[in-house]
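One file, final_12.cif, carrying mmCIF, C-alpha atoms:
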data_input
#
loop_
_atom_site.label_atom_id
_atom_site.label_comp_id
_atom_site.auth_asym_id
_atom_site.auth_seq_id
_atom_site.Cartn_x
_atom_site.Cartn_y
_atom_site.Cartn_z
CA MET A 1 -4.34 3.29 -20.49
CA ASN A 2 -6.35 2.09 -23.46
CA THR A 3 -8.69 4.78 -24.72
CA PRO A 4 -11.37 4.94 -27.39
CA SER A 5 -10.60 6.55 -30.73
CA ASP A 6 -12.66 9.32 -32.28
CA GLY A 7 -14.37 7.88 -35.30
CA SER A 8 -16.04 11.16 -36.25
CA THR A 9 -13.23 12.37 -38.51
CA LEU A 10 -11.50 9.14 -39.43
CA ASN A 11 -12.30 5.84 -41.06
CA THR A 12 -10.96 3.09 -38.83
CA ARG A 13 -9.94 -0.28 -40.18
CA ILE A 14 -9.24 -3.10 -37.74
CA VAL A 15 -6.14 -5.16 -38.40
CA ASP A 16 -5.10 -8.37 -36.67
CA PRO A 17 -1.70 -7.34 -35.25
CA SER A 18 -0.41 -10.90 -35.50
CA GLY A 19 -0.64 -10.62 -39.28
CA GLY A 20 -2.88 -13.68 -39.41
CA SER A 21 -6.57 -14.13 -40.08
CA ASN A 22 -7.80 -15.19 -36.67
CA GLN A 23 -11.51 -14.39 -37.04
CA THR A 24 -12.19 -14.68 -33.32
CA ARG A 25 -9.50 -12.10 -32.59
CA VAL A 26 -10.70 -9.76 -35.37
CA ARG A 27 -14.25 -10.04 -34.08
CA ALA A 28 -13.06 -9.07 -30.60
CA TYR A 29 -11.34 -5.98 -32.00
CA ASN A 30 -14.45 -5.04 -33.95
CA GLU A 31 -16.62 -5.42 -30.86
CA ARG A 32 -14.25 -3.17 -28.92
CA LEU A 33 -14.38 -0.61 -31.72
CA VAL A 34 -18.18 -0.56 -31.65
CA MET A 35 -18.24 -0.10 -27.86
CA ALA A 36 -15.58 2.61 -28.11
CA LEU A 37 -17.62 4.55 -30.65
CA VAL A 38 -20.79 4.20 -28.60
CA ARG A 39 -18.96 5.37 -25.49
CA ARG A 40 -17.45 8.30 -27.37
CA HIS A 41 -20.77 9.56 -28.68
CA GLY A 42 -23.13 8.47 -25.91
CA SER A 43 -25.40 6.49 -28.23
CA LEU A 44 -25.34 5.56 -31.90
CA ALA A 45 -27.57 3.73 -34.36
CA LYS A 46 -26.26 0.84 -36.45
CA ALA A 47 -26.02 2.84 -39.66
CA GLU A 48 -23.99 5.57 -37.96
CA ILE A 49 -21.63 3.03 -36.41
CA ALA A 50 -21.08 1.44 -39.82
CA ARG A 51 -20.31 4.85 -41.33
CA ARG A 52 -17.88 5.88 -38.61
CA SER A 53 -16.12 2.52 -38.26
CA GLY A 54 -15.82 1.47 -41.90
CA LEU A 55 -17.34 -1.91 -41.00
CA SER A 56 -20.11 -3.30 -43.18
CA PRO A 57 -23.72 -2.84 -42.01
CA GLN A 58 -24.07 -6.63 -41.77
CA THR A 59 -21.00 -6.93 -39.55
CA VAL A 60 -22.24 -4.11 -37.32
CA SER A 61 -25.66 -5.78 -36.97
CA VAL A 62 -24.11 -9.07 -35.92
CA ILE A 63 -21.81 -7.37 -33.40
CA MET A 64 -24.56 -5.25 -31.87
CA ARG A 65 -26.89 -8.21 -31.50
CA ALA A 66 -24.13 -10.08 -29.67
CA LEU A 67 -23.35 -7.10 -27.42
CA GLU A 68 -27.03 -6.61 -26.65
CA LYS A 69 -27.41 -10.32 -25.83
CA ASP A 70 -24.48 -10.00 -23.42
CA LEU A 71 -26.23 -6.97 -21.86
CA LEU A 72 -23.33 -4.68 -22.75
CA LEU A 73 -25.55 -2.50 -24.96
CA VAL A 74 -29.14 -1.34 -24.41
CA LYS A 75 -31.63 0.11 -26.87
CA GLY A 76 -32.70 3.73 -26.69
CA GLU A 77 -35.89 5.33 -27.96
CA PRO A 78 -36.42 5.02 -31.75
CA VAL A 79 -35.64 8.16 -33.73
CA ARG A 80 -37.90 8.76 -36.70
CA GLY A 81 -36.51 10.29 -39.86
CA ARG A 82 -38.27 11.64 -42.91
CA VAL A 83 -38.34 8.29 -44.72
CA GLY A 84 -37.93 4.62 -43.87
CA GLN A 85 -37.90 2.81 -40.57
CA PRO A 86 -36.93 4.71 -37.41
CA SER A 87 -33.34 4.24 -36.26
CA VAL A 88 -32.72 2.80 -32.83
CA PRO A 89 -29.70 4.25 -30.99
CA MET A 90 -27.73 1.89 -28.77
CA ALA A 91 -25.91 2.89 -25.59
CA LEU A 92 -23.64 1.21 -23.07
CA ASN A 93 -25.49 -0.47 -20.23
CA PRO A 94 -24.24 1.13 -16.98
CA ASP A 95 -25.02 -2.01 -14.98
CA ALA A 96 -23.16 -4.38 -17.32
CA VAL A 97 -19.71 -3.92 -15.82
CA PHE A 98 -18.24 -2.64 -12.55
CA SER A 99 -14.71 -1.91 -11.40
CA ILE A 100 -12.87 -0.73 -8.31
CA GLY A 101 -10.53 2.25 -8.30
CA LEU A 102 -7.88 2.90 -5.66
CA LYS A 103 -5.94 6.17 -5.57
CA ILE A 104 -2.92 6.36 -3.29
CA GLY A 105 -1.86 9.90 -2.54
CA ARG A 106 0.76 11.32 -0.23
CA ARG A 107 -1.91 12.69 2.13
CA SER A 108 -5.00 10.59 1.41
CA ALA A 109 -6.28 7.44 -0.29
CA ASP A 110 -9.57 7.06 -2.14
CA MET A 111 -11.58 4.07 -3.34
CA VAL A 112 -14.56 4.09 -5.69
CA LEU A 113 -17.00 1.62 -7.16
CA MET A 114 -17.53 2.64 -10.80
CA ASP A 115 -19.99 1.41 -13.41
CA PHE A 116 -19.53 0.83 -17.15
CA VAL A 117 -20.17 4.47 -18.14
CA GLY A 118 -18.01 6.08 -15.47
CA GLY A 119 -20.68 6.60 -12.85
CA VAL A 120 -19.31 6.53 -9.30
CA ARG A 121 -21.69 4.40 -7.22
CA ARG A 122 -19.82 4.74 -3.90
CA LYS A 123 -16.60 6.36 -2.70
CA LEU A 124 -14.43 6.07 0.40
CA ARG A 125 -11.54 8.19 1.69
CA GLU A 126 -8.84 7.83 4.31
CA THR A 127 -6.36 10.54 5.29
CA TYR A 128 -2.94 10.20 6.90
CA ALA A 129 0.30 12.07 7.48
CA TYR A 130 2.04 9.83 4.94
CA PRO A 131 1.15 6.48 3.31
CA LEU A 132 2.56 3.13 4.37
CA PRO A 133 2.03 -0.14 2.46
CA GLN A 134 0.27 -2.05 5.25
CA GLN A 135 -1.98 0.91 6.00
CA ILE A 136 -3.01 1.10 2.33
CA LEU A 137 -3.62 -2.66 2.17
CA ASP A 138 -5.80 -2.49 5.28
CA PHE A 139 -7.80 0.36 3.72
CA ALA A 140 -8.11 -1.58 0.46
CA ARG A 141 -9.32 -4.68 2.30
CA ARG A 142 -11.99 -2.75 4.21
CA GLY A 143 -12.94 -0.81 1.09
CA LEU A 144 -13.39 -3.93 -1.02
CA ASP A 145 -15.76 -5.37 1.57
CA ILE A 146 -17.80 -2.17 1.69
CA LEU A 147 -17.89 -1.52 -2.06
CA SER A 148 -18.65 -5.09 -3.07
CA GLY A 149 -21.39 -5.04 -0.46
CA GLU A 150 -23.13 -2.40 -2.59
CA LEU A 151 -23.66 -5.04 -5.30
CA ASP A 152 -25.93 -8.06 -5.43
CA THR A 153 -24.63 -11.52 -6.30
CA LEU A 154 -25.00 -11.09 -10.07
CA GLU A 155 -23.43 -7.62 -10.02
CA ARG A 156 -20.43 -8.87 -8.05
CA GLN A 157 -19.82 -11.35 -10.87
CA ARG A 158 -19.53 -8.33 -13.18
CA LEU A 159 -16.61 -6.82 -11.27
CA VAL A 160 -13.75 -6.89 -13.78
CA GLY A 161 -10.79 -5.67 -11.75
CA ILE A 162 -9.03 -3.14 -9.56
CA GLY A 163 -7.26 -0.14 -11.04
CA ILE A 164 -4.62 1.51 -8.85
CA ALA A 165 -3.50 5.08 -9.44
CA ALA A 166 -0.40 5.97 -7.44
CA PRO A 167 2.64 8.24 -7.73
CA PHE A 168 5.73 6.50 -8.98
CA GLU A 169 8.53 6.34 -6.42
CA LEU A 170 6.39 7.12 -3.39
CA TRP A 171 9.52 7.24 -1.27
CA ASN A 172 10.75 10.38 -3.05
CA TRP A 173 10.24 13.99 -1.94
CA LEU A 174 10.18 12.96 1.71
CA ASP A 175 11.24 16.33 3.06
CA GLN A 176 8.21 18.09 1.61
CA VAL A 177 5.70 15.89 3.47
CA GLY A 178 7.79 15.24 6.57
CA ALA A 179 7.75 11.46 6.12
CA PRO A 180 10.51 9.40 7.79
CA SER A 181 12.73 7.82 5.16
CA ASP A 182 13.10 4.50 7.00
CA GLU A 183 9.32 3.93 6.95
CA MET A 184 8.77 5.18 3.40
CA ASP A 185 11.54 2.90 2.15
CA ALA A 186 8.98 0.11 2.52
CA TRP A 187 7.62 1.23 -0.85
CA ARG A 188 10.87 0.38 -2.64
CA GLY A 189 10.27 -2.76 -4.64
CA PHE A 190 6.66 -2.97 -3.42
CA ASP A 191 4.57 -5.01 -5.88
CA PHE A 192 0.90 -3.98 -5.90
CA THR A 193 -0.15 -7.02 -7.91
CA VAL A 194 1.34 -9.47 -5.42
CA ALA A 195 0.11 -7.52 -2.40
CA MET A 196 -3.46 -7.17 -3.68
CA ALA A 197 -3.59 -10.89 -4.48
CA SER A 198 -3.58 -11.51 -0.73
CA ILE A 199 -6.91 -9.70 -0.33
CA SER A 200 -8.66 -10.17 -3.69
CA ASP A 201 -8.63 -12.45 -6.71
CA LEU A 202 -9.61 -9.60 -9.06
CA PRO A 203 -7.08 -8.58 -11.74
CA VAL A 204 -4.99 -5.53 -10.81
CA ILE A 205 -3.70 -2.80 -13.13
CA VAL A 206 -1.39 -0.03 -11.87
CA GLN A 207 -0.77 3.36 -13.44
CA ASN A 208 0.80 6.67 -12.44
CA ASP A 209 -1.84 8.75 -10.65
CA ALA A 210 -1.53 11.86 -12.80
CA THR A 211 -1.54 9.80 -16.00
CA ALA A 212 -4.71 8.06 -14.77
CA ALA A 213 -6.28 11.46 -14.07
CA CYS A 214 -5.36 12.56 -17.58
CA GLY A 215 -7.08 9.47 -18.96
CA ALA A 216 -10.21 10.23 -16.95
CA GLU A 217 -10.36 13.74 -18.44
CA LEU A 218 -9.84 12.34 -21.94
CA VAL A 219 -12.67 9.80 -21.65
CA PHE A 220 -15.16 11.37 -19.26
CA GLY A 221 -14.36 15.07 -19.44
CA ARG A 222 -13.57 17.73 -22.03
CA GLY A 223 -10.59 15.89 -23.45
CA ARG A 224 -12.71 14.57 -26.30
CA GLU A 225 -12.76 18.10 -27.74
CA PHE A 226 -9.01 18.07 -28.51
CA SER A 227 -6.71 15.63 -30.29
CA ASP A 228 -3.53 16.71 -28.47
CA PHE A 229 -3.21 18.29 -25.05
CA ALA A 230 -1.08 18.46 -21.93
CA TYR A 231 -2.77 17.95 -18.59
CA PHE A 232 -1.76 19.37 -15.20
CA PHE A 233 -3.17 17.91 -11.98
CA VAL A 234 -2.34 19.94 -8.88
CA GLY A 235 -2.43 17.49 -5.99
CA SER A 236 -0.19 17.05 -2.97
CA PHE A 237 2.49 17.37 -5.66
CA ILE A 238 1.80 18.63 -9.16
CA GLY A 239 1.88 16.05 -11.94
CA GLY A 240 0.40 15.60 -15.35
CA GLY A 241 -0.12 13.63 -18.51
CA LEU A 242 0.04 13.87 -22.29
CA VAL A 243 -2.60 13.07 -24.90
CA LEU A 244 -1.45 12.64 -28.48
CA ASN A 245 -3.85 11.87 -31.32
CA HIS A 246 -6.75 11.19 -28.91
CA ALA A 247 -4.74 8.71 -26.83
CA VAL A 248 -2.91 8.98 -23.52
CA PHE A 249 0.82 8.79 -24.19
CA PRO A 250 2.43 7.09 -21.17
CA GLY A 251 6.00 7.05 -22.51
CA ARG A 252 8.55 4.27 -22.30
CA SER A 253 8.42 3.99 -18.50
CA GLY A 254 4.82 5.16 -18.04
CA ASN A 255 5.93 8.51 -16.64
CA ALA A 256 5.45 10.84 -19.62
CA GLY A 257 3.96 14.16 -18.59
CA ALA A 258 5.53 14.11 -15.13
CA PHE A 259 5.66 17.90 -15.09
CA GLY A 260 6.66 18.24 -11.44
CA PRO A 261 10.43 18.30 -12.13
CA ILE A 262 10.19 21.10 -14.74
CA PRO A 263 12.74 23.76 -13.68
CA VAL A 264 11.32 27.20 -12.89
CA PRO A 265 12.92 30.29 -11.33
CA GLY A 266 13.70 29.90 -7.64
CA PRO A 267 15.14 32.06 -4.86
CA GLN A 268 18.55 33.72 -5.13
CA GLY A 269 18.71 33.31 -8.88
CA LYS A 270 18.64 29.52 -8.73
CA THR A 271 16.09 27.19 -10.28
CA GLN A 272 13.70 24.94 -8.42
CA GLN A 273 11.34 22.18 -9.48
CA LEU A 274 7.76 23.10 -10.35
CA LEU A 275 6.45 20.75 -7.66
CA ASN A 276 8.15 22.90 -5.00
CA CYS A 277 6.09 25.97 -5.85
CA ALA A 278 2.88 24.69 -7.48
CA SER A 279 1.59 21.92 -5.21
CA ILE A 280 -0.97 21.74 -2.44
CA PHE A 281 1.70 20.87 0.12
CA VAL A 282 3.01 24.44 -0.45
CA LEU A 283 -0.39 25.79 0.59
CA GLU A 284 -0.35 23.44 3.58
CA ASP A 285 2.97 24.91 4.70
CA LYS A 286 1.65 28.46 4.32
CA LEU A 287 -1.38 27.63 6.49
CA LYS A 288 0.82 26.03 9.14
CA GLU A 289 3.01 29.13 9.24
CA ALA A 290 -0.12 31.21 9.84
CA LYS A 291 -1.21 28.74 12.56
CA ILE A 292 -4.29 27.70 10.54
CA ASP A 293 -5.42 24.05 10.55
CA PRO A 294 -4.58 22.62 7.08
CA SER A 295 -6.51 19.35 7.54
CA PRO A 296 -9.52 20.54 5.44
CA LEU A 297 -7.22 20.41 2.39
CA TRP A 298 -7.22 16.61 2.60
CA LEU A 299 -10.47 15.80 4.41
CA ARG A 300 -12.83 17.22 1.77
CA ALA A 301 -11.11 18.21 -1.43
CA ASP A 302 -14.30 19.71 -2.88
CA GLU A 303 -15.16 21.90 0.12
CA TRP A 304 -12.33 24.08 1.35
CA PRO A 305 -13.06 26.84 3.85
CA ASP A 306 -12.19 30.43 3.00
CA PHE A 307 -8.44 30.72 3.54
CA GLY A 308 -8.48 34.38 2.49
CA HIS A 309 -5.28 36.04 1.25
CA ILE A 310 -3.21 32.90 1.92
CA LEU A 311 -5.17 31.02 -0.72
CA THR A 312 -5.01 34.00 -3.08
CA ASP A 313 -1.23 34.24 -2.72
CA TRP A 314 -0.88 30.51 -3.33
CA ILE A 315 -3.04 30.68 -6.47
CA ASP A 316 -0.94 33.57 -7.82
CA GLU A 317 2.35 31.78 -7.15
CA THR A 318 1.07 28.49 -8.56
CA ALA A 319 -0.30 30.18 -11.69
CA ARG A 320 2.94 32.07 -12.30
CA ASN A 321 5.01 28.90 -12.26
CA ILE A 322 2.53 26.72 -14.17
CA ALA A 323 2.54 29.38 -16.90
CA ILE A 324 6.33 28.99 -17.20
CA GLY A 325 5.89 25.23 -17.45
CA ILE A 326 3.23 25.62 -20.13
CA VAL A 327 5.48 27.78 -22.29
CA ALA A 328 8.27 25.19 -21.94
CA ILE A 329 5.89 22.43 -23.05
CA ALA A 330 4.51 24.52 -25.93
CA ALA A 331 8.05 25.16 -27.17
CA ILE A 332 8.61 21.40 -27.51
CA MET A 333 5.18 20.03 -28.41
CA ASP A 334 2.63 21.88 -30.53
CA MET A 335 -0.38 21.19 -28.30
CA ASP A 336 -4.01 22.15 -28.96
CA ALA A 337 -4.69 22.84 -25.31
CA ILE A 338 -3.47 22.72 -21.74
CA PHE A 339 -5.88 21.29 -19.15
CA ILE A 340 -5.71 22.24 -15.49
CA ASP A 341 -7.36 20.29 -12.67
CA GLY A 342 -6.54 19.40 -9.10
CA GLY A 343 -7.51 18.18 -5.70
CA PHE A 344 -9.44 21.31 -4.79
CA PRO A 345 -12.92 22.86 -5.14
CA VAL A 346 -14.23 23.90 -8.55
CA SER A 347 -14.12 27.54 -7.44
CA VAL A 348 -10.37 27.28 -6.77
CA ARG A 349 -9.80 25.56 -10.12
CA LYS A 350 -11.62 28.37 -11.92
CA ARG A 351 -9.52 31.03 -10.17
CA LEU A 352 -6.31 29.16 -10.93
CA VAL A 353 -7.11 28.75 -14.63
CA GLU A 354 -7.95 32.44 -14.97
CA ALA A 355 -4.71 33.36 -13.20
CA VAL A 356 -2.65 31.07 -15.47
CA ARG A 357 -4.15 32.69 -18.57
CA LEU A 358 -3.10 36.11 -17.28
CA GLU A 359 0.40 34.95 -16.36
CA ILE A 360 1.02 33.45 -19.80
CA GLN A 361 0.40 36.85 -21.37
CA LYS A 362 3.29 38.25 -19.31
CA LEU A 363 5.78 35.82 -20.86
CA ASP A 364 7.71 36.06 -24.11
CA LEU A 365 5.76 33.92 -26.57
CA GLN A 366 7.71 34.79 -29.70
CA GLY A 367 8.06 31.69 -31.87
CA ILE A 368 5.50 29.75 -29.81
CA ARG A 369 1.92 29.04 -30.77
CA GLU A 370 0.01 29.80 -27.58
CA PRO A 371 -2.11 26.80 -26.53
CA LYS A 372 -5.61 27.22 -25.19
CA VAL A 373 -5.69 26.96 -21.38
CA VAL A 374 -8.77 24.91 -20.48
CA GLU A 375 -10.50 24.31 -17.17
CA ALA A 376 -10.82 20.55 -16.79
CA PHE A 377 -14.14 18.89 -16.00
CA VAL A 378 -13.66 15.70 -13.98
CA GLY A 379 -12.30 17.38 -10.84
CA SER A 380 -10.60 16.21 -7.69
CA GLU A 381 -11.63 12.57 -8.19
CA ALA A 382 -9.92 12.32 -11.58
CA PRO A 383 -7.04 10.06 -10.37
CA VAL A 384 -9.30 7.47 -8.73
CA ILE A 385 -11.82 7.57 -11.61
CA GLY A 386 -8.95 7.10 -14.04
CA GLY A 387 -7.73 4.18 -11.96
CA ALA A 388 -11.17 2.57 -11.91
CA SER A 389 -11.42 2.87 -15.68
CA LEU A 390 -8.21 0.88 -16.27
CA PRO A 391 -9.74 -2.64 -15.94
CA ILE A 392 -12.77 -1.61 -18.03
CA PHE A 393 -10.71 -0.29 -20.91
CA ASP A 394 -8.26 -3.15 -20.71
CA ARG A 395 -11.05 -5.65 -21.19
CA PHE A 396 -13.72 -3.91 -23.25
CA MET A 397 -12.36 -0.93 -25.15
CA ILE A 398 -10.18 -0.38 -28.16
CA ASP A 399 -6.40 -0.44 -28.07
CA GLN A 400 -4.95 2.36 -30.19
CA ASN A 401 -2.04 0.13 -31.18
CA VAL A 402 -4.20 -2.22 -33.27
CA LEU A 403 -5.75 0.53 -35.39
CA VAL A 404 -4.86 1.65 -38.86
CA ARG A 405 -6.44 5.06 -39.25
CA GLU A 406 -6.94 6.85 -42.56
CA PRO A 407 -8.52 10.27 -43.20
CA ILE A 408 -11.99 10.23 -44.73
#

Before we go any further, please render this structure as C-alpha cells.
Amino acid sequence: MNTPSDGSTLNTRIVDPSGGSNQTRVRAYNERLVMALVRRHGSLAKAEIARRSGLSPQTVSVIMRALEKDLLLVKGEPVRGRVGQPSVPMALNPDAVFSIGLKIGRRSADMVLMDFVGGVRRKLRETYAYPLPQQILDFARRGLDILSGELDTLERQRLVGIGIAAPFELWNWLDQVGAPSDEMDAWRGFDFTVAMASISDLPVIVQNDATAACGAELVFGRGREFSDFAYFFVGSFIGGGLVLNHAVFPGRSGNAGAFGPIPVPGPQGKTQQLLNCASIFVLEDKLKEAKIDPSPLWLRADEWPDFGHILTDWIDETARNIAIGIVAIAAIMDMDAIFIDGGFPVSVRKRLVEAVRLEIQKLDLQGIREPKVVEAFVGSEAPVIGGASLPIFDRFMIDQNVLVREPI
C-alpha cells in the first residue's frame, strides 16, 4: 500500500526514478507529495508545504493552484499572523474522490463507500458460515449497485477503484471454521481482478486483509505517531502488519507481518500457532460449548452482548499468547510500538490491551527493549477501510520508493 511520508522531520526531495528529466512525471510526483503532506497534517499553508517538502515556494504555488482547480484541494479560513498577509491553509476536498472497499473475511464480508479523506459514507455487511467465490461476487454486485446509488452522476465519475482486503490462501485453516475443503478449494487460483471485471469496469487492487488494516491505522489512526511498529488485528484469525520508517512493509510476497503462525506454548508441552489461541473463532468455540449463540460476534462487531466469564477467559488467554508473540517480534525488530485492534467492540479492545501489558511484564525481557503496547484507533472496520484506501493512494498519494529522504 502506498502511504504518505512524514515531512515534519525530514526534507524530501523528489527524484524521477527513471533517471531522466521527464518534467510531467516529476510534476506528478510533486503533486502527490503536496497531497500527502496535506493529508498527513490535515491542512497546510503554502509556505509550510514549501518548508516541509523542500520544494520552492513558486513550485508549491503552481501545484496548489492546479490541485485547487481540479477540486482536489479546498481553501480553509485565513490565519492571521503578527505581520504580513494572512496565510490560507489548504485541505483535501472530501468530495473530490471516492472509492469502494471490499473486505472478505472467513465469517463475514463488508463493503464501504469511502471519500477522499477516509470518511465512510455507507457500509454493508453480509455474514456466512464460510465464504465462497460466487457468494462474494453476488454480494459485491449488489453492493456496487447500492453504494454507487449513493452518488450523483458527477460523483460516480469520481470513483477511482475497488480495493479488496482478503486473507491470503482462504482455503487454509479449514478445520477451525468447519468449511468443507471441496467447496473452499474454489479459491485456489481465483483471480479477483478477472472476476470483478465481470461486474465492474473500475480498477481493482488486492491486498492481504491484515496488511490493509495496518495501512488504515497508519494513515487514519494513531500510526502517524510512530515511525516503526507492529500491528496485530484479532479477527476470525489473528493477523497483522509491519510499518517501517512510516511505510507499510508488505514483504516480498505481500505477507509480511502474518503473525498468526508464530509458535506459542500449546498443550502437553507442544507448540501451537498463535492463531489457534488468539482468534475470535476460539471465542466462538467456547460459546458453542456453553450452548450460547455466537452469531453476535459476526453480526455486529461493535456491539457484543455481555458474554461474562467466557469473554474474560478468552481475553486472558489471547493476551497471554499475544504477549509471547510481541516479545518474539521485539527480539528480532526494534519496534517503537505494538498496536492491537480487532473485530470487536472498543471496550473489548481496551480490556485486551490492558491484559497484554500485564502479561508482558510476566515474561523475561532481558536483552529486549520493551515496545509500547498501544490501543489502535480505527477499530473493527480497519480492513475494509484499508482496502478502500488502496485505489486512492495508488492514484493520488506518494510512493515511498521514489523518495530520497535526508535529515534536516

Spatial neighbours of Gly241 (chain A), max dist 12 Å, only C-alpha atoms, sep filter under 6 positions, as a short mmCIF file (atom, residue, chain, number, x, y, z; two decimals) with C-alpha atoms, in the coordinates of the input:
data_model
loop_
_atom_site.label_atom_id
_atom_site.label_comp_id
_atom_site.auth_asym_id
_atom_site.auth_seq_id
_atom_site.Cartn_x
_atom_site.Cartn_y
_atom_site.Cartn_z
CA MET A 1 -4.34 3.29 -20.49
CA GLN A 207 -0.77 3.36 -13.44
CA ASN A 208 0.80 6.67 -12.44
CA ASP A 209 -1.84 8.75 -10.65
CA ALA A 210 -1.53 11.86 -12.80
CA THR A 211 -1.54 9.80 -16.00
CA ALA A 212 -4.71 8.06 -14.77
CA ALA A 213 -6.28 11.46 -14.07
CA CYS A 214 -5.36 12.56 -17.58
CA GLY A 215 -7.08 9.47 -18.96
CA ALA A 216 -10.21 10.23 -16.95
CA GLU A 217 -10.36 13.74 -18.44
CA LEU A 218 -9.84 12.34 -21.94
CA GLY A 223 -10.59 15.89 -23.45
CA ASP A 228 -3.53 16.71 -28.47
CA PHE A 229 -3.21 18.29 -25.05
CA ALA A 230 -1.08 18.46 -21.93
CA TYR A 231 -2.77 17.95 -18.59
CA PHE A 232 -1.76 19.37 -15.20
CA PHE A 233 -3.17 17.91 -11.98
CA VAL A 234 -2.34 19.94 -8.88
CA ALA A 247 -4.74 8.71 -26.83
CA VAL A 248 -2.91 8.98 -23.52
CA PHE A 249 0.82 8.79 -24.19
CA PRO A 250 2.43 7.09 -21.17
CA GLY A 251 6.00 7.05 -22.51
CA GLY A 254 4.82 5.16 -18.04
CA ASN A 255 5.93 8.51 -16.64
CA ALA A 256 5.45 10.84 -19.62
CA GLY A 257 3.96 14.16 -18.59
CA ALA A 258 5.53 14.11 -15.13
CA PHE A 259 5.66 17.90 -15.09
CA GLY A 260 6.66 18.24 -11.44
CA ILE A 329 5.89 22.43 -23.05
CA ILE A 338 -3.47 22.72 -21.74
CA PHE A 339 -5.88 21.29 -19.15
CA ILE A 340 -5.71 22.24 -15.49
CA ASP A 341 -7.36 20.29 -12.67
CA PRO A 383 -7.04 10.06 -10.37
CA GLY A 386 -8.95 7.10 -14.04
#

Practice prompt. One decimal, Å: what's the distance from CA of Trp314 (chain A) over to CA of Leu358 (chain A), could you say?
Written response: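 Between CA of Trp314 (chain A) and CA of Leu358 (chain A) the gap works out to 15.2 Å.
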
Neighbour residues at most 12 Å from (5.8, 27.1, -22.1) (all atoms listed in the file) as JSON, numbers by chain
{"A": [230, 259, 262, 263, 264, 320, 321, 322, 323, 324, 325, 326, 327, 328, 329, 330, 331, 332, 333, 334, 335, 337, 338, 356, 357, 359, 360, 361, 362, 363, 364, 365, 366, 367, 368, 369, 370, 371, 372, 373]}

One residue among A:Leu71, A:Leu352, A:Ile100, A:Ala376 is nearest to Val112 (chain A) when using all atoms listed in the file, and that residue is A:Ile100

field: Coordinates-based distance that separates CA of Lys75 (chain A) from CA of Ser43 (chain A) (Å, one decimal)
entry: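 Separating CA of Ser43 (chain A) from CA of Lys75 (chain A) is a distance of 9.0 Å.
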
Looking at A:Gln134, A:Ser61, A:Thr193, A:Thr271, which one is nearest to Gly161 (chain A), with distances taken over all atoms listed in the file?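 Of A:Gln134, A:Ser61, A:Thr193, A:Thr271, the one nearest Gly161 (chain A) is A:Thr193, counting all atoms listed in the file.
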
Could you pull the residues within 6 Å of Met111 (chain A), counting only C-alpha atoms, minus those fewer than 5 positions along the same chain, as a list in words?
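My reading of the contact set: Gly101, Leu102, Lys123 and Leu124 of chain A.
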
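Each of A:Asn245, A:Ser148, A:Ser380, A:Ser236 was checked against Glu303 (chain A) using all atoms listed in the file; the smallest atom-to-atom distance is that of A:Ser380.
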
message: Rounded to one decimal, what separation in Å do you get between CA of Leu170 (chain A) and CA of Asp302 (chain A)?
response: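 Separation between CA of Leu170 (chain A) and CA of Asp302 (chain A): 24.2 Å.
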
### Query
Near Ile199 (chain A), within 12 Å and counting all atoms listed in the file, which residues show up once chain neighbours fewer than 2 positions away are dropped, as number ranges by chain?
A: 134, 136-145, 162, 192-197, 201-204

Pick out the residues sitting within 12 Å of Leu311 (chain A), and hand them over as a tab-separated table (two decimals) with C-alpha atoms, in the frame of the given file; count all atoms listed in the file, and ignore anything fewer than 4 positions along from it in its own chain.
chain	number	residue	atom	x	y	z
A	280	ILE	CA	-0.97	21.74	-2.44
A	282	VAL	CA	3.01	24.44	-0.45
A	283	LEU	CA	-0.39	25.79	0.59
A	284	GLU	CA	-0.35	23.44	3.58
A	285	ASP	CA	2.97	24.91	4.70
A	286	LYS	CA	1.65	28.46	4.32
A	287	LEU	CA	-1.38	27.63	6.49
A	290	ALA	CA	-0.12	31.21	9.84
A	292	ILE	CA	-4.29	27.70	10.54
A	294	PRO	CA	-4.58	22.62	7.08
A	297	LEU	CA	-7.22	20.41	2.39
A	304	TRP	CA	-12.33	24.08	1.35
A	305	PRO	CA	-13.06	26.84	3.85
A	306	ASP	CA	-12.19	30.43	3.00
A	307	PHE	CA	-8.44	30.72	3.54
A	315	ILE	CA	-3.04	30.68	-6.47
A	316	ASP	CA	-0.94	33.57	-7.82
A	317	GLU	CA	2.35	31.78	-7.15
A	318	THR	CA	1.07	28.49	-8.56
A	344	PHE	CA	-9.44	21.31	-4.79
A	347	SER	CA	-14.12	27.54	-7.44
A	348	VAL	CA	-10.37	27.28	-6.77
A	349	ARG	CA	-9.80	25.56	-10.12
A	351	ARG	CA	-9.52	31.03	-10.17
A	352	LEU	CA	-6.31	29.16	-10.93

Leaving out Ala45 (chain A) and any residue of its chain fewer than 5 positions from it, which residues lie within 9 Å of it when counting all atoms listed in the file, given as a ChimeraX atom specification?
/A:38,50,87-91

If the PyMOL selection byres ((chain A and resi 96) around 9) is run on the structure shown, which residues does it catch, given as a PDB file with C-alpha atoms, in the frame of the given file?
ATOM      1  CA  ASP A  70     -24.480 -10.000 -23.420  1.00  0.00           C
ATOM      2  CA  LEU A  71     -26.230  -6.970 -21.860  1.00  0.00           C
ATOM      3  CA  LEU A  72     -23.330  -4.680 -22.750  1.00  0.00           C
ATOM      4  CA  LEU A  73     -25.550  -2.500 -24.960  1.00  0.00           C
ATOM      5  CA  LEU A  92     -23.640   1.210 -23.070  1.00  0.00           C
ATOM      6  CA  ASN A  93     -25.490  -0.470 -20.230  1.00  0.00           C
ATOM      7  CA  PRO A  94     -24.240   1.130 -16.980  1.00  0.00           C
ATOM      8  CA  ASP A  95     -25.020  -2.010 -14.980  1.00  0.00           C
ATOM      9  CA  VAL A  97     -19.710  -3.920 -15.820  1.00  0.00           C
ATOM     10  CA  PHE A  98     -18.240  -2.640 -12.550  1.00  0.00           C
ATOM     11  CA  ASP A 115     -19.990   1.410 -13.410  1.00  0.00           C
ATOM     12  CA  PHE A 116     -19.530   0.830 -17.150  1.00  0.00           C
ATOM     13  CA  GLU A 155     -23.430  -7.620 -10.020  1.00  0.00           C
ATOM     14  CA  ARG A 158     -19.530  -8.330 -13.180  1.00  0.00           C
TER      15      ARG A 158
END

Next item on the list: Rank nothing, just name the residue among A:Ala36, A:Ala301, A:Val62, A:Val346 nearest to Asp110 (chain A), using only C-alpha atoms.
Entry: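 For Asp110 (chain A), the nearest of the given residues is A:Ala301.
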